[in-house]
Amino acid sequence: MPVLNDEVPDEGDYDANRRRGEFDHITPEDFIRGSGHGNPPGWLDAGEINRIRRETPMPYVVVVPVRVDDFGRISKVGSLLCVSEDGSVERTLIAGRVLYHESLREAIARNISKDLGDIALPTLPQSLQPFTVAEFFPTPGISPFYDPRQHAIALCYVVPIPGDCKPQDETLDVEWCDAQGDQLKECIDQMANGYGEIVRRALAWAGA
């Protein structure tokens, strides 16, 4: 299987030698910048994805990027400044769909690479159990999480990022806030649609 960022599979990994048919030679680069031969397998064009979003829940991963100290404690929490669909700038987290025939670890690595670049070198989670599940609804008020485009079920992970971040795609910048500082509350309050609540749950889960 292709190695995503620094995720080098060991012989004992459950999917280290998994054959994926037409997906065997697909890399994160193909999903970020196109394969040169049309869309990669499992990638939907705008019309198809919009139709499916109206008809069925979508699986997502959400990543809270963090810096950790020598004892593994969260020292800084990252947030992204991105261009929204209406052209405004918003503060958010790393989030993206799980593609057809893609493992959760692959989805986490691909979405981090898409937003932070190839040298972010994420420390991918050993366990696939998320610290929380965020249910985004297209109708406000049903849950703390809102997405006007779709009903999405997001598995949320805390991922340490020891490498250098080079914002990509629609990500303008990544900002790091001290996990114990006053600025973090301000950053959390600036996150719309429930992403701030995900950060609060992440810090509570990590004991930060």
# chains A, B, ... in the order shown; residues from 1 in each chain; ligands from 1

$ closest_atom_pairs --of "region 94-149 of chain A" --to "region 171-186 of chain A" --cutoff "10 Å" --atoms "only C-alpha atoms" --output "Markdown table"
| residue | atom | partner | partner_atom | distance |
| --- | --- | --- | --- | --- |
| A:Ile94 | CA | A:Thr171 | CA | 9.5 |
| A:Lys114 | CA | A:Thr171 | CA | 8.8 |
| A:Asp115 | CA | A:Thr171 | CA | 5.9 |
| A:Leu116 | CA | A:Thr171 | CA | 7.9 |

$ residues_around --residues "region 192-199 of chain A" --least-positions-apart "6" --cutoff "6 Å" --atoms "only C-alpha atoms" --output "list in words"
Pro144, Phe145 and Tyr146 of chain A

$ write_last_selection --atoms "N, CA, C and O atoms" --output "CSV table (one decimal), in the first residue's frame"
chain,number,residue,atom,x,y,z
A,144,PRO,N,-25.1,20.4,18.5
A,144,PRO,CA,-24.2,21.6,18.5
A,144,PRO,C,-23.5,21.8,17.2
A,144,PRO,O,-22.8,22.8,17.0
A,145,PHE,N,-23.6,20.8,16.3
A,145,PHE,CA,-22.8,20.8,15.0
A,145,PHE,C,-23.7,21.0,13.8
A,145,PHE,O,-24.7,20.3,13.7
A,146,TYR,N,-23.3,22.0,13.0
A,146,TYR,CA,-24.2,22.4,11.9
A,146,TYR,C,-23.4,22.4,10.6
A,146,TYR,O,-22.3,23.0,10.5

$ closest_residue --among "A:Arg54, A:Arg91, A:Lys76, A:Arg97" --to "Leu155 (chain A)" --atoms "only C-alpha atoms"
A:Arg97

$ select_by_dssp --residues "region 30-100 of chain A" --states "helix (DSSP H, G or I)" --output "ChimeraX atom specification"
/A:30-33,46-55

$ atom_distance --atom1 "CA of Val64 (chain A)" --atom2 "CA of Asp45 (chain A)"
27.4 Å

$ select_by_dssp --residues "region 67-191 of chain A" --states "strand (DSSP E)" --output "PyMOL selection string"
chain A and resi 67-68+74-83+89-92+94-97+132-137+145-146+152-160+171-178

$ residues_around --residues "Asp164 (chain A)" --least-positions-apart "4" --cutoff "9 Å" --atoms "only C-alpha atoms" --output "list of chain:residue names"
A:Leu116, A:Gly117, A:Asp118, A:Ile119, A:Ala120, A:Leu121

$ write_last_selection --atoms "all heavy atoms" --output "JSON list (two decimals), in the first residue's frame"
[["chain", "number", "residue", "atom", "x", "y", "z"],
["A", 116, "LEU", "N", -2.18, 20.93, 5.46],
["A", 116, "LEU", "CA", -0.94, 21.37, 6.10],
["A", 116, "LEU", "C", 0.31, 21.05, 5.30],
["A", 116, "LEU", "O", 1.41, 21.43, 5.71],
["A", 116, "LEU", "CB", -0.81, 20.75, 7.50],
["A", 116, "LEU", "CG", -1.95, 21.04, 8.48],
["A", 116, "LEU", "CD1", -1.62, 20.46, 9.84],
["A", 116, "LEU", "CD2", -2.24, 22.53, 8.59],
["A", 117, "GLY", "N", 0.19, 20.34, 4.19],
["A", 117, "GLY", "CA", 1.36, 20.02, 3.38],
["A", 117, "GLY", "C", 1.98, 18.69, 3.75],
["A", 117, "GLY", "O", 1.61, 18.05, 4.74],
["A", 118, "ASP", "N", 2.96, 18.29, 2.95],
["A", 118, "ASP", "CA", 3.54, 16.95, 3.08],
["A", 118, "ASP", "C", 4.59, 16.83, 4.17],
["A", 118, "ASP", "O", 5.05, 15.72, 4.45],
["A", 118, "ASP", "CB", 4.17, 16.54, 1.74],
["A", 118, "ASP", "CG", 3.13, 16.39, 0.64],
["A", 118, "ASP", "OD1", 1.97, 16.07, 0.97],
["A", 118, "ASP", "OD2", 3.48, 16.60, -0.55],
["A", 119, "ILE", "N", 5.04, 17.95, 4.76],
["A", 119, "ILE", "CA", 6.09, 17.85, 5.78],
["A", 119, "ILE", "C", 5.55, 18.18, 7.17],
["A", 119, "ILE", "O", 6.33, 18.49, 8.08],
["A", 119, "ILE", "CB", 7.29, 18.74, 5.43],
["A", 119, "ILE", "CG1", 6.87, 20.20, 5.24],
["A", 119, "ILE", "CG2", 8.00, 18.23, 4.20],
["A", 119, "ILE", "CD1", 8.07, 21.14, 5.02],
["A", 120, "ALA", "N", 4.22, 18.10, 7.33],
["A", 120, "ALA", "CA", 3.64, 18.26, 8.68],
["A", 120, "ALA", "C", 3.99, 17.07, 9.57],
["A", 120, "ALA", "O", 4.06, 17.19, 10.79],
["A", 120, "ALA", "CB", 2.13, 18.43, 8.59],
["A", 121, "LEU", "N", 4.21, 15.91, 8.95],
["A", 121, "LEU", "CA", 4.64, 14.70, 9.66],
["A", 121, "LEU", "C", 3.76, 14.35, 10.85],
["A", 121, "LEU", "O", 4.23, 14.23, 12.00],
["A", 121, "LEU", "CB", 6.10, 14.83, 10.11],
["A", 121, "LEU", "CG", 7.12, 15.15, 9.00],
["A", 121, "LEU", "CD1", 8.51, 15.29, 9.59],
["A", 121, "LEU", "CD2", 7.10, 14.09, 7.92]]

$ closest_residue --among "A:Phe136, A:Tyr100, A:Phe71, A:Tyr60" --to "Cys156 (chain A)" --atoms "only C-alpha atoms"
A:Tyr60

$ closest_residue --among "A:Met58, A:Leu203, A:Cys187, A:Ile153" --to "Leu81 (chain A)" --atoms "only C-alpha atoms"
A:Cys187

$ closest_residue --among "A:Leu80, A:Leu99, A:Ala107, A:Ile52" --to "Pro65 (chain A)" --atoms "only C-alpha atoms"
A:Leu80

$ residues_around --residues "Pro138 (chain A)" --least-positions-apart "5" --cutoff "7 Å" --atoms "only C-alpha atoms" --output "PyMOL selection string"
chain A and resi 146-151
